[in-house]
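Student: What follows is model_29.cif, mmCIF, C-alpha atoms and all ligand atoms.
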```cif
data_structure
loop_
_atom_site.label_atom_id
_atom_site.label_comp_id
_atom_site.auth_asym_id
_atom_site.auth_seq_id
_atom_site.Cartn_x
_atom_site.Cartn_y
_atom_site.Cartn_z
CA MET W 12 212.74 107.02 53.45
CA GLY W 13 215.28 106.96 56.31
CA GLN W 14 214.55 109.09 59.36
CA ASN W 15 217.77 111.08 59.08
CA ALA W 16 218.25 111.09 55.31
CA ARG W 17 217.93 114.28 53.28
CA ARG W 18 214.47 114.43 51.71
CA ARG W 19 214.47 114.51 47.91
CA ILE W 20 211.63 116.72 46.70
CA ALA W 21 209.83 117.09 43.36
CA ILE W 22 207.59 120.16 43.03
CA LEU W 23 204.58 120.46 40.74
CA GLY W 24 203.80 124.18 40.46
CA SER W 25 207.18 125.50 41.66
CA THR W 26 206.51 129.02 40.32
CA GLY W 27 203.29 129.54 42.33
CA SER W 28 202.75 130.92 45.81
CA VAL W 29 203.04 127.52 47.55
CA GLY W 30 205.90 126.37 45.26
CA VAL W 31 207.97 129.51 45.87
CA GLN W 32 207.48 129.29 49.65
CA ALA W 33 208.52 125.62 49.57
CA LEU W 34 211.70 126.43 47.62
CA ASP W 35 212.49 129.22 50.07
CA LEU W 36 212.25 126.71 52.92
CA ILE W 37 214.34 124.14 51.05
CA ALA W 38 217.05 126.73 50.29
CA ARG W 39 217.34 127.62 53.98
CA PHE W 40 217.77 123.99 55.05
CA PRO W 41 220.06 122.26 52.52
CA ASP W 42 221.02 119.64 55.10
CA ARG W 43 217.39 118.47 55.27
CA PHE W 44 216.11 118.83 51.69
CA GLU W 45 217.24 118.66 48.09
CA VAL W 46 215.29 119.33 44.92
CA VAL W 47 215.23 116.59 42.27
CA ALA W 48 212.58 117.89 39.84
CA LEU W 49 210.54 121.02 39.16
CA ALA W 50 207.45 121.63 37.01
CA ALA W 51 205.59 124.83 36.18
CA GLY W 52 202.94 126.11 33.77
CA ARG W 53 204.24 129.10 31.77
CA ASN W 54 206.63 131.17 33.88
CA SER W 55 209.87 130.10 32.20
CA GLU W 56 211.82 133.05 33.56
CA LEU W 57 211.23 132.15 37.23
CA LEU W 58 211.60 128.44 36.49
CA ALA W 59 215.00 129.12 34.89
CA ARG W 60 216.14 131.01 38.00
CA GLN W 61 214.90 128.18 40.22
CA THR W 62 216.80 125.70 38.06
CA ILE W 63 220.09 127.57 38.54
CA ALA W 64 219.49 127.96 42.28
CA HIS W 65 218.34 124.39 43.06
CA ARG W 66 220.02 122.27 40.33
CA PRO W 67 217.23 119.68 39.85
CA ALA W 68 217.86 116.62 37.67
CA LEU W 69 214.67 117.35 35.68
CA VAL W 70 212.79 120.53 34.89
CA ALA W 71 209.47 120.61 33.01
CA ILE W 72 207.22 123.32 31.65
CA GLN W 73 203.65 122.70 30.53
CA ASP W 74 203.69 125.44 27.86
CA GLU W 75 205.80 123.89 25.10
CA SER W 76 206.45 127.26 23.45
CA ARG W 77 208.51 128.28 26.50
CA CYS W 78 210.74 125.21 26.54
CA ASP W 79 213.65 126.87 24.69
CA ASP W 80 213.80 129.65 27.30
CA LEU W 81 214.86 127.03 29.83
CA GLN W 82 217.75 125.49 27.87
CA PRO W 83 220.60 127.83 28.96
CA ALA W 84 219.73 127.49 32.69
CA ALA W 85 219.25 123.74 32.35
CA ARG W 86 222.64 123.35 30.61
CA ALA W 87 224.34 125.38 33.33
CA ALA W 88 222.66 123.30 36.06
CA GLY W 89 223.06 119.93 34.30
CA ALA W 90 219.27 119.40 34.22
CA VAL W 91 217.18 117.58 31.63
CA VAL W 92 214.36 119.73 30.16
CA MET W 93 210.94 118.38 29.19
CA ALA W 94 207.78 120.16 28.01
CA GLY W 95 204.02 119.58 27.93
CA SER W 96 201.99 117.05 29.92
CA ASP W 97 204.63 114.33 29.50
CA GLY W 98 207.16 116.60 31.19
CA VAL W 99 204.87 117.45 34.11
CA ASP W 100 203.98 113.75 34.50
CA ALA W 101 207.70 112.84 34.51
CA VAL W 102 208.26 115.25 37.40
CA ALA W 103 205.24 113.74 39.21
CA ALA W 104 206.66 110.23 38.96
CA HIS W 105 210.36 111.10 39.20
CA PRO W 106 212.14 107.94 40.42
CA GLU W 107 214.48 109.80 42.77
CA ALA W 108 211.79 111.78 44.63
CA ASP W 109 210.82 110.83 48.18
CA ILE W 110 208.08 113.46 48.26
CA VAL W 111 206.09 115.18 45.53
CA LEU W 112 204.66 118.58 46.46
CA SER W 113 201.45 118.89 44.44
CA ALA W 114 200.97 122.68 44.15
CA ILE W 115 199.57 123.25 40.67
CA VAL W 116 196.40 125.32 40.83
CA GLY W 117 193.03 123.99 39.68
CA ALA W 118 191.99 120.99 37.64
CA ALA W 119 195.38 120.91 35.87
CA GLY W 120 196.76 119.41 39.10
CA LEU W 121 194.58 116.27 38.98
CA ARG W 122 196.43 114.15 36.43
CA PRO W 123 199.96 114.78 37.80
CA THR W 124 198.76 114.21 41.39
CA GLN W 125 197.28 110.88 40.35
CA ARG W 126 200.53 110.00 38.53
CA ALA W 127 202.55 110.69 41.68
CA LEU W 128 200.22 108.55 43.80
CA ALA W 129 200.18 105.73 41.24
CA ALA W 130 204.00 105.75 41.33
CA GLY W 131 203.77 105.21 45.10
CA ARG W 132 205.21 108.59 46.05
CA THR W 133 204.35 110.38 49.27
CA VAL W 134 202.34 113.38 48.09
CA ALA W 135 202.33 116.66 50.03
CA LEU W 136 198.99 117.92 48.77
CA ALA W 137 198.24 121.61 48.28
CA ASN W 138 196.13 121.11 45.12
CA LYS W 139 192.79 120.78 46.91
CA GLU W 140 190.94 120.30 43.60
CA SER W 141 192.42 116.77 43.41
CA LEU W 142 190.36 115.69 46.41
CA VAL W 143 187.38 117.98 45.82
CA MET W 144 186.88 116.87 42.23
CA ALA W 145 188.22 113.32 42.33
CA GLY W 146 188.51 112.30 45.98
CA ALA W 147 187.39 108.68 45.58
CA LEU W 148 189.69 108.17 42.60
CA MET W 149 192.72 109.66 44.38
CA ARG W 150 192.09 107.57 47.49
CA ARG W 151 191.74 104.41 45.44
CA THR W 152 194.95 105.17 43.54
CA ALA W 153 196.84 105.88 46.77
CA GLU W 154 195.59 102.70 48.42
CA GLN W 155 196.46 100.52 45.43
CA ALA W 156 200.00 101.94 45.22
CA GLY W 157 200.57 102.20 48.99
CA ALA W 158 201.14 105.95 48.62
CA GLU W 159 200.65 108.42 51.44
CA LEU W 160 198.90 111.83 51.26
CA ILE W 161 200.07 114.55 53.63
CA PRO W 162 197.91 117.70 53.55
CA VAL W 163 199.38 121.18 52.98
CA ASP W 164 196.16 123.20 53.35
CA SER W 165 196.57 124.76 56.81
CA GLU W 166 193.29 123.40 58.24
CA HIS W 167 194.00 119.85 57.11
CA SER W 168 197.59 120.08 58.28
CA ALA W 169 196.14 121.06 61.67
CA LEU W 170 193.78 118.06 61.66
CA HIS W 171 196.64 115.77 60.63
CA GLN W 172 198.70 117.09 63.54
CA CYS W 173 195.81 116.72 66.01
CA LEU W 174 195.31 113.13 64.89
CA ARG W 175 198.92 112.06 65.41
CA GLY W 176 198.93 109.01 67.65
CA GLU W 177 195.11 108.93 67.78
CA SER W 178 192.83 106.21 66.44
CA ILE W 179 190.31 107.53 63.88
CA ASP W 180 187.74 105.18 65.51
CA GLU W 181 187.95 107.33 68.65
CA VAL W 182 187.20 110.59 66.82
CA ARG W 183 183.72 112.10 67.26
CA ARG W 184 184.09 114.94 64.76
CA LEU W 185 186.49 117.16 62.89
CA ILE W 186 186.04 120.92 63.40
CA LEU W 187 187.40 123.18 60.67
CA THR W 188 187.92 126.81 61.63
CA ALA W 189 187.00 129.64 59.28
CA SER W 190 187.94 133.29 59.74
CA GLY W 191 184.59 134.38 58.28
CA GLY W 192 186.29 136.60 55.72
CA PRO W 193 185.58 140.30 55.21
CA PHE W 194 181.76 140.04 55.48
CA ARG W 195 181.42 138.18 58.79
CA THR W 196 179.58 141.11 60.41
CA THR W 197 178.33 143.08 57.37
CA PRO W 198 174.55 143.64 57.66
CA LEU W 199 172.82 141.01 55.51
CA GLU W 200 170.91 143.64 53.50
CA GLN W 201 174.23 145.16 52.35
CA LEU W 202 175.69 141.90 50.99
CA GLY W 203 173.94 142.33 47.66
CA SER W 204 175.94 145.44 46.87
CA VAL W 205 179.47 144.54 48.05
CA THR W 206 182.19 145.02 45.42
CA PRO W 207 184.98 142.68 44.28
CA GLU W 208 187.52 145.06 45.90
CA GLN W 209 185.78 144.65 49.28
CA ALA W 210 185.49 140.89 48.84
CA LEU W 211 189.20 140.58 47.98
CA LYS W 212 190.29 142.16 51.28
CA HIS W 213 190.80 139.07 53.43
CA PRO W 214 191.35 140.03 57.07
CA VAL W 215 194.07 137.44 57.78
CA TRP W 216 195.55 135.65 54.75
CA ASP W 217 197.16 137.24 51.72
CA MET W 218 196.09 134.89 48.91
CA GLY W 219 195.17 134.78 45.24
CA ARG W 220 191.93 136.38 43.94
CA LYS W 221 189.89 133.21 43.45
CA ILE W 222 190.62 131.74 46.89
CA SER W 223 190.02 135.15 48.53
CA ILE W 224 186.49 135.33 47.08
CA ASP W 225 185.92 131.69 48.09
CA SER W 226 186.92 132.65 51.63
CA ALA W 227 184.40 135.50 51.66
CA THR W 228 181.54 133.23 50.53
CA LEU W 229 182.83 130.32 52.70
CA ILE W 230 182.69 128.11 49.62
CA ASN W 231 186.41 127.61 50.26
CA LYS W 232 185.50 126.13 53.65
CA GLY W 233 182.96 123.91 51.89
CA LEU W 234 185.68 122.68 49.53
CA GLU W 235 187.81 122.00 52.60
CA VAL W 236 185.00 119.94 54.17
CA ILE W 237 185.06 117.76 51.05
CA GLU W 238 188.85 117.58 51.19
CA ALA W 239 188.72 116.58 54.90
CA HIS W 240 186.21 113.84 54.12
CA TRP W 241 188.59 112.22 51.62
CA LEU W 242 191.71 112.74 53.71
CA PHE W 243 190.38 111.38 57.01
CA GLY W 244 187.44 109.20 55.95
CA LEU W 245 184.76 110.74 58.20
CA PRO W 246 181.19 111.23 56.90
CA PRO W 247 180.01 114.82 56.23
CA GLU W 248 177.78 114.89 59.33
CA ARG W 249 180.91 114.45 61.48
CA ILE W 250 182.78 117.35 59.88
CA ASP W 251 181.80 120.75 61.31
CA VAL W 252 182.83 124.32 60.63
CA VAL W 253 183.14 127.01 63.29
CA LEU W 254 183.97 130.69 62.86
CA HIS W 255 187.19 131.85 64.50
CA PRO W 256 188.12 135.36 63.31
CA GLN W 257 191.65 135.44 64.80
CA SER W 258 192.76 132.36 62.76
CA TYR W 259 195.25 131.17 65.38
CA VAL W 260 193.45 127.86 65.90
CA HIS W 261 193.87 126.21 62.53
CA SER W 262 191.37 123.40 63.22
CA MET W 263 190.32 120.93 65.93
CA VAL W 264 189.43 117.31 66.52
CA GLU W 265 186.86 116.22 69.09
CA MET W 266 187.47 112.75 70.50
CA ILE W 267 184.63 110.44 71.65
CA ASP W 268 185.32 111.27 75.30
CA GLY W 269 184.63 114.96 74.63
CA ALA W 270 188.29 116.08 74.62
CA ILE W 271 188.95 118.65 71.91
CA ILE W 272 192.49 118.78 70.53
CA CYS W 273 193.48 121.85 68.53
CA GLN W 274 196.55 123.03 66.63
CA MET W 275 197.55 126.68 66.96
CA GLY W 276 200.17 128.93 65.48
CA VAL W 277 200.64 132.15 63.54
CA PRO W 278 198.85 132.02 60.15
CA ASP W 279 201.87 131.34 57.90
CA MET W 280 201.73 128.81 55.04
CA ARG W 281 205.40 127.95 55.56
CA GLY W 282 204.32 126.04 58.69
CA PRO W 283 202.09 123.49 56.93
CA ILE W 284 204.52 123.26 53.99
CA GLN W 285 207.40 122.43 56.34
CA TYR W 286 205.26 119.93 58.25
CA ALA W 287 204.28 118.09 55.05
CA LEU W 288 207.79 118.01 53.56
CA ASP W 289 209.50 116.77 56.71
CA TYR W 290 206.76 114.64 58.29
CA PRO W 291 207.03 112.94 60.78
CA ARG W 292 210.08 114.95 61.79
CA ARG W 293 209.95 118.50 63.14
CA PHE W 294 212.62 121.17 63.26
CA ALA W 295 212.94 124.88 64.12
CA GLY W 296 212.03 126.54 60.82
CA PRO W 297 211.19 130.09 59.73
CA VAL W 298 207.70 130.34 61.26
CA PRO W 299 207.72 132.78 64.21
CA SER W 300 206.44 131.77 67.61
CA LEU W 301 202.88 132.73 68.60
CA ASP W 302 202.85 134.83 71.75
CA VAL W 303 199.64 133.31 73.12
CA GLY W 304 199.47 135.53 76.19
CA ALA W 305 199.81 138.72 74.14
CA GLU W 306 197.09 137.86 71.63
CA GLY W 307 194.14 138.61 73.89
CA SER W 308 190.91 136.69 73.51
CA LEU W 309 190.09 134.05 70.95
CA GLU W 310 186.52 134.02 69.64
CA PHE W 311 184.48 131.11 68.28
CA ALA W 312 180.96 131.29 66.85
CA PRO W 313 178.61 129.08 64.85
CA VAL W 314 178.34 129.73 61.11
CA ASP W 315 175.28 131.77 60.15
CA ARG W 316 173.99 129.58 57.27
CA ALA W 317 171.83 132.42 55.84
CA ARG W 318 174.89 134.64 55.53
CA PHE W 319 177.04 131.86 54.04
CA PRO W 320 174.79 129.65 51.87
CA GLY W 321 177.84 128.45 49.92
CA LEU W 322 178.87 126.21 52.80
CA ASP W 323 175.68 124.13 52.65
CA LEU W 324 176.06 123.78 48.88
CA ALA W 325 179.33 121.94 49.48
CA TYR W 326 177.67 119.60 52.00
CA THR W 327 174.89 118.95 49.47
CA ALA W 328 177.41 118.14 46.74
CA LEU W 329 179.37 115.82 49.04
CA ALA W 330 176.18 114.00 50.06
CA ALA W 331 175.13 113.65 46.39
CA GLY W 332 178.57 112.14 45.69
CA GLY W 333 180.10 111.02 42.38
CA THR W 334 180.50 113.92 39.98
CA ALA W 335 178.56 116.47 42.10
CA PRO W 336 181.60 118.00 43.89
CA ALA W 337 183.38 118.48 40.53
CA VAL W 338 180.27 120.26 39.25
CA LEU W 339 180.18 122.45 42.38
CA ASN W 340 183.83 123.36 41.83
CA GLY W 341 183.42 124.16 38.11
CA ALA W 342 180.27 126.25 38.60
CA ASN W 343 181.89 128.13 41.45
CA GLU W 344 184.94 129.01 39.33
CA VAL W 345 182.66 130.48 36.64
CA ALA W 346 180.59 132.32 39.26
CA VAL W 347 183.64 133.82 40.99
CA GLN W 348 185.05 135.01 37.67
CA ALA W 349 181.67 136.48 36.70
CA PHE W 350 181.58 138.36 40.01
CA LEU W 351 185.13 139.66 39.55
CA ASP W 352 184.23 140.76 36.01
CA GLY W 353 181.18 142.65 37.29
CA ARG W 354 178.72 140.35 35.45
CA ILE W 355 176.94 139.24 38.65
CA GLY W 356 176.57 140.50 42.20
CA TYR W 357 178.14 138.84 45.23
CA LEU W 358 174.93 136.97 46.18
CA GLY W 359 174.75 135.69 42.62
CA ILE W 360 177.74 133.42 43.31
CA PRO W 361 175.94 130.86 45.54
CA ARG W 362 172.71 131.25 43.50
CA LEU W 363 174.41 130.33 40.26
CA VAL W 364 176.26 127.39 41.87
CA GLN W 365 173.01 126.13 43.38
CA GLU W 366 171.14 126.27 40.07
CA VAL W 367 173.89 124.34 38.28
CA LEU W 368 173.98 121.71 41.05
CA GLU W 369 170.19 121.32 40.91
CA ARG W 370 170.34 120.67 37.19
CA HIS W 371 173.07 118.02 37.52
CA ARG W 372 172.42 114.27 37.72
CA PRO W 373 175.54 112.92 39.49
CA HIS W 374 177.18 109.71 38.37
CA GLN W 375 180.16 107.68 39.55
CA VAL W 376 183.70 108.76 38.83
CA GLU W 377 185.87 106.09 37.21
CA SER W 378 188.61 108.24 35.69
CA ILE W 379 190.05 111.73 35.48
CA GLU W 380 188.32 112.03 32.09
CA ASP W 381 184.91 111.47 33.82
CA VAL W 382 185.75 114.29 36.20
CA MET W 383 186.88 116.61 33.43
CA ARG W 384 183.68 115.91 31.44
CA SER W 385 181.59 116.93 34.46
CA ASP W 386 183.78 119.99 34.94
CA ARG W 387 183.17 121.03 31.32
CA TRP W 388 179.44 120.33 31.62
CA SER W 389 179.25 122.45 34.75
CA ARG W 390 181.10 125.42 33.22
CA ARG W 391 178.90 125.29 30.12
CA ALA W 392 175.72 125.11 32.22
CA ALA W 393 176.88 128.05 34.37
CA GLU W 394 177.73 130.15 31.30
CA GLU W 395 174.35 129.32 29.75
CA MET W 396 172.50 130.40 32.87
CA LEU W 397 174.58 133.55 33.10
CA SER W 398 173.66 134.48 29.55
CA MET W 399 169.95 133.77 30.16
CA ARG W 400 169.27 135.71 33.33
CA VAL W 401 170.52 138.22 35.81
CA PHE W 402 171.91 137.02 39.12
CA ALA W 403 171.71 139.38 42.09
N1 LIG D 1 198.54 129.99 48.32
C1 LIG D 1 198.10 129.50 49.44
O1 LIG D 1 198.31 130.08 50.51
C2 LIG D 1 197.37 128.17 49.47
C3 LIG D 1 196.92 127.68 50.70
C4 LIG D 1 196.28 126.45 50.74
C5 LIG D 1 196.05 125.73 49.56
N2 LIG D 1 196.47 126.25 48.38
C6 LIG D 1 196.21 125.46 47.17
O2 LIG D 1 197.46 125.15 46.55
C7 LIG D 1 197.31 125.13 45.13
C8 LIG D 1 198.32 126.11 44.53
O3 LIG D 1 198.00 127.41 45.01
P1 LIG D 1 198.92 128.68 44.74
O4 LIG D 1 198.31 129.78 45.55
O5 LIG D 1 200.35 128.32 44.93
O6 LIG D 1 198.60 128.94 43.20
P2 LIG D 1 199.36 129.92 42.18
O7 LIG D 1 200.19 130.90 42.92
O8 LIG D 1 198.35 130.38 41.22
O9 LIG D 1 200.40 128.92 41.43
C9 LIG D 1 199.96 127.88 40.62
C10 LIG D 1 201.11 127.06 40.08
O10 LIG D 1 200.57 126.09 39.18
C11 LIG D 1 201.29 126.17 37.93
N3 LIG D 1 200.41 125.74 36.86
C12 LIG D 1 199.23 126.29 36.48
N4 LIG D 1 198.70 125.57 35.44
C13 LIG D 1 199.58 124.57 35.19
C14 LIG D 1 199.60 123.51 34.25
N5 LIG D 1 198.61 123.33 33.37
N6 LIG D 1 200.65 122.65 34.28
C15 LIG D 1 201.66 122.82 35.16
N7 LIG D 1 201.69 123.80 36.09
C16 LIG D 1 200.66 124.67 36.09
C17 LIG D 1 201.69 127.63 37.83
O11 LIG D 1 202.73 127.79 36.89
P3 LIG D 1 203.02 129.21 36.12
O12 LIG D 1 202.80 130.29 37.13
O13 LIG D 1 204.44 129.02 35.71
O14 LIG D 1 202.07 129.27 34.97
C18 LIG D 1 202.13 127.87 39.28
O15 LIG D 1 203.41 127.32 39.49
C19 LIG D 1 195.85 125.49 44.85
O16 LIG D 1 195.11 124.33 44.65
C20 LIG D 1 195.39 126.21 46.12
O17 LIG D 1 194.01 126.06 46.38
C21 LIG D 1 197.14 127.44 48.31
#
```
Hey, can you dump this file as structure tokens for me?
Ligand SMILES: NC(=O)c1ccc[n+]([C@@H]2O[C@H](COP(=O)([O-])OP(=O)(O)OC[C@H]3O[C@@H](n4cnc5c(N)ncnc54)[C@H](OP(=O)(O)O)[C@@H]3O)[C@@H](O)[C@H]2O)c1
Tutor:
Amino acid sequence: MGQNARRRIAILGSTGSVGVQALDLIARFPDRFEVVALAAGRNSELLARQTIAHRPALVAIQDESRCDDLQPAARAAGAVVMAGSDGVDAVAAHPEADIVLSAIVGAAGLRPTQRALAAGRTVALANKESLVMAGALMRRTAEQAGAELIPVDSEHSALHQCLRGESIDEVRRLILTASGGPFRTTPLEQLGSVTPEQALKHPVWDMGRKISIDSATLINKGLEVIEAHWLFGLPPERIDVVLHPQSYVHSMVEMIDGAIICQMGVPDMRGPIQYALDYPRRFAGPVPSLDVGAEGSLEFAPVDRARFPGLDLAYTALAAGGTAPAVLNGANEVAVQAFLDGRIGYLGIPRLVQEVLERHRPHQVESIEDVMRSDRWSRRAAEEMLSMRVFA
């Protein structure tokens, strides 16, 4: 990929929050980026509009019943249409793409992310489940194909930026920042009765429902610890989490001489998306400048592990290895949905995840199918426990 050439981008999950923000960035900077392929799940209407606007060579939709909806837009744009998993995989391994933005949500993102890595593409990774559920497999695939992974998650983008020009051997620890969510200061005795509406009110980021609840429990930060482990290769005991309610410091790296390097900026996902799509270049994009002097004080505090037991569950799963993180992820998805549906209380989320993890005997991951089997086992176990007893 030449330093000054226009980047050719394929997007997996173009109709989602990350995908739409990426296309907005690409549309503003046509001299830097062009779209070669788009894939989505079911939203054929938005995908058709994106096809007209960006004129990709290939457009794919997972839901085969929506394929016909795309034909008029594809004809007008001169794009080939594909449907189902083959279509999504074809976008992932598109021969003209320099970079594949992996922004499908959940376990559905694993197979196409692995396809992109196996094809040797640089992958801008938003789909954190790929590394949480199948980190060893993704790393192995990337190494074998000589593919590069550039993180899109804001914390990991920050760590990537802090590590530029540094040797990983000279790093003492990675420090992920967490805002602490809406319940950072709620009296502990009130946590049992908080509602989904309260839990969904994230103080800084405007995100989807699942990730907002994960931010309240800090399980999201736990998933990010696992992601950081696979991205940067440090053991769990050298990856820390610190509370930082203002969310201007997106994460930090402590070097062996005690120097701490941090990356700051306004909390705006377009920053990490731009960084990943144009790495190692930088340019003046849409993210506003942070007026550091006007922001007042920045606070940092240790995580209260009694308030946020979900964080330690992620460390436990990472230490157990193999299929354990996939089981953590699956059980957590069931628990979050059960909380949103009013079937369990807020404190029931980490309790249910813990019980499922305790019941699991982890084994090595050799394939995506191994991971998906553990995911199914975990969801079944969580549902069984939910039906058997009441969680606070
Ligand atoms: N949003 C953020 O600020 C943010 C920040 C950091 C990391 N992330 C991570 O980035 C990923 C995407 O997040 P998001 O917020 O953009 O999610 P989202 O808004 O829910 O969008 C998900 C995208 O995935 C597509 N999709 C779902 N199932 C699919 C399938 N089986 N095959 C093909 N495409 C499928 C959806 O298509 P349809 O809508 O057409 O069905 C949509 O384009 C997640 O892993 C999330 O954790 C997000």
Student: Determine, for each residue of chain W having at least one atom at most 6 Å from an atom of ligand LIG 1 (chain D), the closest pair of atoms and their separation in Å to one decimal, counting all atoms listed in the file; order by chain and ascending number, as CSV.
Tutor:
```
residue,atom,partner,partner_atom,distance
W:Gly24,CA,D:LIG1,O15,3.3
W:Ser25,CA,D:LIG1,O15,4.7
W:Thr26,CA,D:LIG1,O15,3.6
W:Gly27,CA,D:LIG1,O9,3.1
W:Ser28,CA,D:LIG1,O5,3.6
W:Val29,CA,D:LIG1,O5,3.8
W:Gly30,CA,D:LIG1,O5,5.9
W:Ala51,CA,D:LIG1,N7,4.0
W:Gly52,CA,D:LIG1,O14,3.5
W:Arg53,CA,D:LIG1,O14,3.9
W:Asn54,CA,D:LIG1,O13,3.6
W:Gln73,CA,D:LIG1,N6,4.8
W:Ala114,CA,D:LIG1,C8,4.4
W:Ile115,CA,D:LIG1,O10,3.4
W:Val116,CA,D:LIG1,C19,4.1
W:Gly117,CA,D:LIG1,O16,5.4
W:Ala119,CA,D:LIG1,N5,4.7
W:Ala137,CA,D:LIG1,O2,4.0
W:Asn138,CA,D:LIG1,O16,3.4
W:Lys139,CA,D:LIG1,O16,4.8
W:Glu140,CA,D:LIG1,O16,5.9
W:Asp164,CA,D:LIG1,C4,4.2
W:Met218,CA,D:LIG1,N1,5.5
W:Gly219,CA,D:LIG1,O4,5.9
W:Met280,CA,D:LIG1,O1,5.8
```
Student: Could you tell me how far atom CA of Pro207 of chain W sits from atom CA of Phe350 of chain W, in Å to one decimal place?
Tutor: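 Distance reported for this atom pair: 7.0 Å.
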Student: Once you count all atoms listed in the file, what closest atom pair and distance in Å to one decimal does each residue of segment 87-205 of chain W within 10 Å of segment 304-312 of chain W have, with rows by chain and rising residue number, as JSON lines?
Tutor:
```
{"residue": "W:Thr188", "atom": "CA", "partner": "W:Phe311", "partner_atom": "CA", "distance": 8.6}
{"residue": "W:Ala189", "atom": "CA", "partner": "W:Phe311", "partner_atom": "CA", "distance": 9.5}
{"residue": "W:Ser190", "atom": "CA", "partner": "W:Phe311", "partner_atom": "CA", "distance": 9.5}
{"residue": "W:Gly191", "atom": "CA", "partner": "W:Ala312", "partner_atom": "CA", "distance": 9.8}
```
Student: Using only C-alpha atoms, give me every residue within 6 Å of (218.3, 115.0, 53.8) in file coordinates, as a list in words.
Tutor: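 The residues near that point, listed by chain and number, are Ala16, Arg17, Arg18, Asp42, Arg43 and Phe44 of chain W.
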Student: Can you pull out every residue within 10 Å of Ser96 of chain W, counting only C-alpha atoms, but drop anything in the same chain fewer than 4 positions away, and send it as a PyMOL selection string?
Tutor: chain W and resi 52+71-75+100-102+119+122-123
Student: So, with all atoms listed in the file as the atoms that count, which of W:Pro198, W:Gly233, W:Gly131, W:Pro336 lies closest to Ala147 of chain W?
Tutor: W:Pro336
Student: If we count all atoms listed in the file and set the cut-off at 12 Å, which residues sit around Arg86 of chain W, ignoring sequence neighbours fewer than 3 positions away in its own chain? Please answer as a PyMOL selection string.
Tutor: chain W and resi 59+62-63+66-70+79-83+89-92
Student: Taking into account all atoms listed in the file, which residue in the set W:Ser168, W:Gln348, W:Gln61, W:Thr197 is nearest to Arg281 of chain W?
Tutor: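 Of the candidates, the smallest distance to Arg281 of chain W is held by W:Ser168.
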Student: Please identify every residue of segment 95-195 of chain W that has at least one atom no farther than 7 Å from an atom of segment 254-274 of chain W, counting all atoms listed in the file, and for each give the shortest atom pair and the distance in Å to one decimal, arranged by chain then increasing number, as a tab-separated table.
Tutor:
```
residue	atom	partner	partner_atom	distance
W:Ser165	CA	W:His261	CA	6.5
W:Glu166	CA	W:His261	CA	5.2
W:Ala169	CA	W:Gln274	CA	5.4
W:Leu170	CA	W:Ser262	CA	6.1
W:Cys173	CA	W:Ile272	CA	6.0
W:Glu181	CA	W:Ile267	CA	5.4
W:Val182	CA	W:Met266	CA	4.3
W:Arg183	CA	W:Ile267	CA	4.8
W:Arg184	CA	W:Glu265	CA	5.3
W:Leu185	CA	W:Val264	CA	4.7
W:Ile186	CA	W:Met263	CA	5.0
W:Leu187	CA	W:Ser262	CA	4.7
W:Thr188	CA	W:Ser262	CA	5.1
W:Ala189	CA	W:Leu254	CA	4.8
W:Ser190	CA	W:Pro256	CA	4.1
W:Gly191	CA	W:Leu254	CA	5.9
```
Student: Counting only C-alpha atoms, find the residues whose atoms lie at most 12 Å from (178.1, 124.0, 52.4) (file coordinates) and write them out as a PyMOL selection string.
Tutor: chain W and resi 225+228-237+247-248+250-252+314-330+336+339+361+364-365
Student: Please identify all polymer residues within 6 Å of segment 368-380 of chain W, counting only C-alpha atoms, omitting same-chain residues fewer than 3 positions from it, and present them as a list in words.
Tutor: Gly333, Thr334, Ala335, Gln365 and Met383 of chain W
Student: Grab the atom CA of Asp352 of chain W to atom CA of Leu142 of chain W distance for me, in Å with one decimal place.
Tutor: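 We find that atom CA of Asp352 of chain W and atom CA of Leu142 of chain W lie 27.8 Å from each other.
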Student: Which residue, W:Phe40, W:Phe294, W:Tyr286, W:Tyr357, has the smallest gap to His171 of chain W when you use all atoms listed in the file?
Tutor: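 Nearest candidate to His171 of chain W out of W:Phe40, W:Phe294, W:Tyr286, W:Tyr357: W:Tyr286.
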Student: Find the residue from W:His65, W:Lys221, W:Arg39, W:Arg77 that sits nearest to Gln285 of chain W; use only C-alpha atoms when measuring.
Tutor: W:Arg39
Student: So which one's closest to Ala145 of chain W, W:Arg175, W:Lys212, W:His167, W:His240? Using only C-alpha atoms, please.
Tutor: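 Of all the options, W:His240 lies closest to Ala145 of chain W.
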Student: Smallest atom-to-atom distance to Glu159 of chain W: which of W:Arg195, W:Ala287, W:Pro313, W:Gly95, using only C-alpha atoms?
Tutor: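 The shortest atom-to-atom distance to Glu159 of chain W comes from W:Ala287.
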